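Here the structure comes first, spelled out in structure tokens, and everything after it is commentary.
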Amino acid sequence: MTVAHLVIVMPAYNEEEGIRGFIDEIREHVSPLVQRVTFAVADDRSTDATVAVLDGIDDVHVHPQSVNRGHGPTALAAYRAGLALEPDLLVHVDGDGQFIGPDFARLILAAESTDADVVHGVRHSRTDAWYRRVLTGAVGLMIAAAAGRRIPDVNTPLRAYRPEALRPLLDALPGHALVPHVHFSLAEARSGLRVRYLSVRSIPRRGASVNGTMWGGGVKGLIPPARLRQFTAAALREAWQLSLKHGAPLRSIRPQHRVVTGDRSA
């Protein structure tokens, strides 16, 4: 089974060291499965040569943002740029390259071999700092309570969407949202979208520097940075406003399909 047009969307910030090689690796592994692949990169006003290293690549469309807004808004901009290219299947991944090429092929095969509306890449072997893993787990517990079931790796950045499943999620979420994937995961569970979970390997960010990391300090820090603590508080307020309280925008998405969890070992 072959996908006619695959679009891979990436938010990026200061990823000059690794992003081109990452794109080359993805292309190598997905090309046998698709008729055409296009990359849409939303650059969050990088201060390095991220935009320059992607210049002139025929299948890479770079969308520089007007101002630096952070990961969430840039991810949403990437999604919207990707949908404008009219894909048959859309894959989101962060530009820091923390996944391996073969898992993209597995993600596509999982989407095409099942009736899933969305496939989540559930990360194992994560090398993030302990406090980021704890934060992910804590958010997962909160979302599980709201959804009525556990959602593995609730904030995973590796996802494959059918465009018709993605559009209502994007329409319900403002462009400034800080944690879009948390909102998406909860809305998918509530609306009954068919979701499949696929175990994928997580690797360290590509590139020797930490300039591209949102929080600074790489994965070696022992204490959560102040910026991360502030972000967490803001994200919790946002989750309440947009997804959890009565009348929240993401609660308006109506049930569409039964949920198919699939086999995480696929």
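Chain identifiers are assigned as A, B, and so on, following the order in which chains appear in the structure tokens; residues are numbered from 1 within each chain, and ligands are numbered from 1 in order of appearance.
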
Closest pair table for region 22-112 of chain A residues within 12 Å of region 226-249 of chain A, only C-alpha atoms, as a Markdown table:
```
| residue | atom | partner | partner_atom | distance |
| --- | --- | --- | --- | --- |
| A:Gly70 | CA | A:Phe231 | CA | 10.6 |
| A:His71 | CA | A:Phe231 | CA | 11.3 |
| A:Gly72 | CA | A:Ala235 | CA | 10.3 |
```

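Within region 3-58 of chain A, DSSP applied to the backbone places the following residues in helix (DSSP H, G or I): Ile19, Arg20, Gly21, Phe22, Ile23, Asp24, Glu25, Ile26, Arg27, Glu28, His29, Val30, Ser31, Pro32, Leu33, Thr50, Val51, Ala52 and Val53 of chain A.
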
Selection file, all heavy atoms, as a short mmCIF file (atom, residue, chain, number, x, y, z; two decimals), in the first residue's frame:
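Okay, out_25.cif is ready:
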```cif
data_model
loop_
_atom_site.label_atom_id
_atom_site.label_comp_id
_atom_site.auth_asym_id
_atom_site.auth_seq_id
_atom_site.Cartn_x
_atom_site.Cartn_y
_atom_site.Cartn_z
N ILE A 19 19.54 19.15 11.36
CA ILE A 19 18.25 19.04 10.71
C ILE A 19 18.34 18.51 9.27
O ILE A 19 17.49 17.72 8.84
CB ILE A 19 17.47 20.38 10.76
CG1 ILE A 19 16.01 20.15 10.35
CG2 ILE A 19 18.15 21.45 9.90
CD1 ILE A 19 15.12 21.34 10.66
N ARG A 20 19.36 18.91 8.54
CA ARG A 20 19.43 18.44 7.15
C ARG A 20 19.70 16.92 7.11
O ARG A 20 19.07 16.21 6.32
CB ARG A 20 20.52 19.19 6.37
CG ARG A 20 20.59 18.76 4.91
CD ARG A 20 21.27 19.77 4.05
NE ARG A 20 21.22 19.37 2.64
CZ ARG A 20 21.43 20.16 1.62
NH1 ARG A 20 21.72 21.45 1.83
NH2 ARG A 20 21.36 19.73 0.38
N GLY A 21 20.60 16.45 7.93
CA GLY A 21 20.85 15.02 7.97
C GLY A 21 19.63 14.24 8.44
O GLY A 21 19.37 13.12 7.97
N PHE A 22 18.88 14.83 9.37
CA PHE A 22 17.65 14.20 9.86
C PHE A 22 16.64 14.06 8.73
O PHE A 22 16.03 13.00 8.52
CB PHE A 22 17.09 15.03 11.01
CG PHE A 22 15.89 14.44 11.70
CD1 PHE A 22 15.81 13.08 11.96
CD2 PHE A 22 14.84 15.26 12.12
CE1 PHE A 22 14.70 12.54 12.62
CE2 PHE A 22 13.75 14.73 12.78
CZ PHE A 22 13.68 13.37 13.03
N ILE A 23 16.45 15.12 7.97
CA ILE A 23 15.53 15.08 6.84
C ILE A 23 15.99 14.05 5.81
O ILE A 23 15.17 13.28 5.27
CB ILE A 23 15.39 16.48 6.22
CG1 ILE A 23 14.56 17.39 7.15
CG2 ILE A 23 14.77 16.41 4.82
CD1 ILE A 23 14.48 18.82 6.70
N ASP A 24 17.27 14.02 5.53
CA ASP A 24 17.79 13.03 4.57
C ASP A 24 17.51 11.60 5.05
O ASP A 24 17.15 10.72 4.25
CB ASP A 24 19.30 13.21 4.39
CG ASP A 24 19.66 14.48 3.63
OD1 ASP A 24 18.76 15.06 2.98
OD2 ASP A 24 20.84 14.89 3.69
N GLU A 25 17.67 11.36 6.34
CA GLU A 25 17.43 10.03 6.89
C GLU A 25 15.95 9.65 6.78
O GLU A 25 15.61 8.51 6.42
CB GLU A 25 17.88 9.98 8.34
CG GLU A 25 17.71 8.62 9.00
CD GLU A 25 18.22 8.59 10.43
OE1 GLU A 25 19.18 9.32 10.74
OE2 GLU A 25 17.64 7.83 11.24
N ILE A 26 15.08 10.59 7.10
CA ILE A 26 13.65 10.30 6.99
C ILE A 26 13.28 9.99 5.55
O ILE A 26 12.58 9.01 5.26
CB ILE A 26 12.82 11.50 7.50
CG1 ILE A 26 13.06 11.73 8.99
CG2 ILE A 26 11.33 11.27 7.21
CD1 ILE A 26 12.45 13.02 9.50
N ARG A 27 13.76 10.83 4.64
CA ARG A 27 13.43 10.65 3.21
C ARG A 27 13.86 9.27 2.73
O ARG A 27 13.15 8.59 1.99
CB ARG A 27 14.10 11.75 2.38
CG ARG A 27 13.71 11.72 0.90
CD ARG A 27 14.56 12.65 0.06
NE ARG A 27 14.42 14.04 0.45
CZ ARG A 27 15.37 14.75 1.06
NH1 ARG A 27 16.55 14.17 1.38
NH2 ARG A 27 15.18 16.00 1.36
N GLU A 28 15.06 8.86 3.11
CA GLU A 28 15.58 7.57 2.69
C GLU A 28 14.64 6.43 3.08
O GLU A 28 14.43 5.49 2.30
CB GLU A 28 16.96 7.34 3.31
CG GLU A 28 17.55 5.97 3.04
CD GLU A 28 18.82 5.71 3.83
OE1 GLU A 28 19.29 6.63 4.53
OE2 GLU A 28 19.32 4.56 3.78
N HIS A 29 14.08 6.50 4.28
CA HIS A 29 13.28 5.39 4.78
C HIS A 29 11.82 5.44 4.36
O HIS A 29 11.16 4.39 4.30
CB HIS A 29 13.39 5.31 6.30
CG HIS A 29 14.71 4.78 6.76
ND1 HIS A 29 15.82 5.58 6.96
CD2 HIS A 29 15.12 3.51 7.04
CE1 HIS A 29 16.84 4.84 7.35
NE2 HIS A 29 16.44 3.57 7.40
N VAL A 30 11.28 6.64 4.09
CA VAL A 30 9.87 6.70 3.71
C VAL A 30 9.65 6.67 2.21
O VAL A 30 8.56 6.30 1.76
CB VAL A 30 9.18 7.95 4.31
CG1 VAL A 30 9.34 7.99 5.82
CG2 VAL A 30 9.67 9.24 3.67
N SER A 31 10.65 7.01 1.43
CA SER A 31 10.48 7.09 -0.03
C SER A 31 9.95 5.80 -0.65
O SER A 31 9.12 5.86 -1.58
CB SER A 31 11.78 7.51 -0.70
OG SER A 31 12.08 8.86 -0.40
N PRO A 32 10.37 4.60 -0.21
CA PRO A 32 9.82 3.39 -0.81
C PRO A 32 8.33 3.18 -0.55
O PRO A 32 7.69 2.36 -1.22
CB PRO A 32 10.63 2.26 -0.15
CG PRO A 32 11.90 2.92 0.30
CD PRO A 32 11.48 4.29 0.72
N LEU A 33 7.77 3.94 0.41
CA LEU A 33 6.38 3.74 0.82
C LEU A 33 5.43 4.80 0.29
O LEU A 33 4.22 4.69 0.49
CB LEU A 33 6.29 3.72 2.35
CG LEU A 33 7.16 2.70 3.07
CD1 LEU A 33 7.04 2.89 4.58
CD2 LEU A 33 6.76 1.28 2.68
N THR A 50 19.92 27.56 10.50
CA THR A 50 18.92 26.54 10.22
C THR A 50 18.25 26.76 8.87
O THR A 50 18.12 25.84 8.05
CB THR A 50 17.85 26.51 11.32
OG1 THR A 50 18.46 26.14 12.56
CG2 THR A 50 16.75 25.51 10.99
N VAL A 51 17.82 27.97 8.61
CA VAL A 51 17.14 28.27 7.35
C VAL A 51 18.09 28.11 6.17
O VAL A 51 17.74 27.53 5.14
CB VAL A 51 16.54 29.69 7.37
CG1 VAL A 51 15.97 30.06 6.00
CG2 VAL A 51 15.44 29.77 8.43
N ALA A 52 19.32 28.57 6.32
CA ALA A 52 20.29 28.52 5.23
C ALA A 52 20.63 27.10 4.82
O ALA A 52 20.79 26.80 3.63
CB ALA A 52 21.56 29.28 5.62
N VAL A 53 20.76 26.18 5.80
CA VAL A 53 21.17 24.81 5.45
C VAL A 53 20.07 24.06 4.70
O VAL A 53 20.34 23.05 4.06
CB VAL A 53 21.60 24.00 6.70
CG1 VAL A 53 22.78 24.66 7.40
CG2 VAL A 53 20.43 23.78 7.66
#
```

Query - Every residue of region 85-229 of chain A that DSSP places in strand (DSSP E), as a PyMOL selection string - result: chain A and resi 89-92+118-124+159-161+195-201

Exercise for the section: Give the answer as one residue: which of A:Gly101, A:Gly82, A:Gly148, A:Gly192 has the shortest atom-to-atom distance to Pro163 (chain A), using only C-alpha atoms? Expected result: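 Going through A:Gly101, A:Gly82, A:Gly148, A:Gly192 one by one, the smallest distance to Pro163 (chain A) is for A:Gly82.
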
- Message: Using only C-alpha atoms for the distances, tell me which of A:Arg201, A:His92, A:His63, A:His176 is nearest to Asp44 (chain A).
- Response: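 Going through A:Arg201, A:His92, A:His63, A:His176 one by one, the smallest distance to Asp44 (chain A) is for A:His63.
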
Practice task
Extract, using only C-alpha atoms, all DNA, RNA and protein residues at most 12 Å from Gln35 (chain A), discarding same-chain residues fewer than 2 positions from it, and format them as a list in words.
Solution key: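 Those residues are Met1, Thr2, Val3, Ala4, His5, Leu6, Val7, Arg27, Val30, Ser31, Pro32, Leu33, Val37, Thr38, Pro87, Asp88 and Leu89 of chain A.
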
Note to self: Residues within 10 Å of Asp96 (chain A), please, as a list of chain:residue names. Count only C-alpha atoms; anything in the same chain fewer than 5 positions from it doesn't count.
What the structure shows: A:Met10, A:Pro11, A:Ala12, A:Tyr13, A:Asn14, A:Glu15, A:Glu16, A:Glu17, A:Gly18, A:Ile19, A:Phe22, A:Pro204, A:Arg205, A:Arg206, A:Gly207, A:Gly212, A:Thr213

- Query: Between CA of Asp94 (chain A) and CA of Pro157 (chain A), what is the distance, to one decimal in Å?
  - Reply: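 Between CA of Asp94 (chain A) and CA of Pro157 (chain A) the gap is 6.2 Å.
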
| Looking at A:Val134, A:Val154, A:Ile100, A:Ala40, which one is nearest to Leu186 (chain A), with distances taken over only C-alpha atoms? |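 Nearest candidate to Leu186 (chain A) out of A:Val134, A:Val154, A:Ile100, A:Ala40: A:Val154.
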
Residues within 9 Å of Leu169 (chain A), please, as number ranges by chain. Count only C-alpha atoms; anything in the same chain fewer than 3 positions from it doesn't count.
A: 165-166, 172-173, 183-184, 187-188, 250, 253

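Coordinates place CA of Ile8 (chain A) at a distance of 4.7 Å from CA of Val91 (chain A).
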
Q.
Env of Arg45 (chain A): 8 Å cut, atoms = only C-alpha atoms, seq-sep filter 5 positions within chain, self excluded. Answer as a VMD selection string.
A. chain A and resid 13 64 to 68

Distance in Å - CA of Leu135 (chain A) versus CA of Val119 (chain A):
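Separation of CA of Leu135 (chain A) and CA of Val119 (chain A): 22.3 Å.
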
Which residues, written as a PyMOL selection string, have at least one atom at most 9 Å from Leu76 (chain A), with only C-alpha atoms counted and residues fewer than 2 positions away on the same chain left out? chain A and resi 11+42+71-74+78-81+170+173-177+180
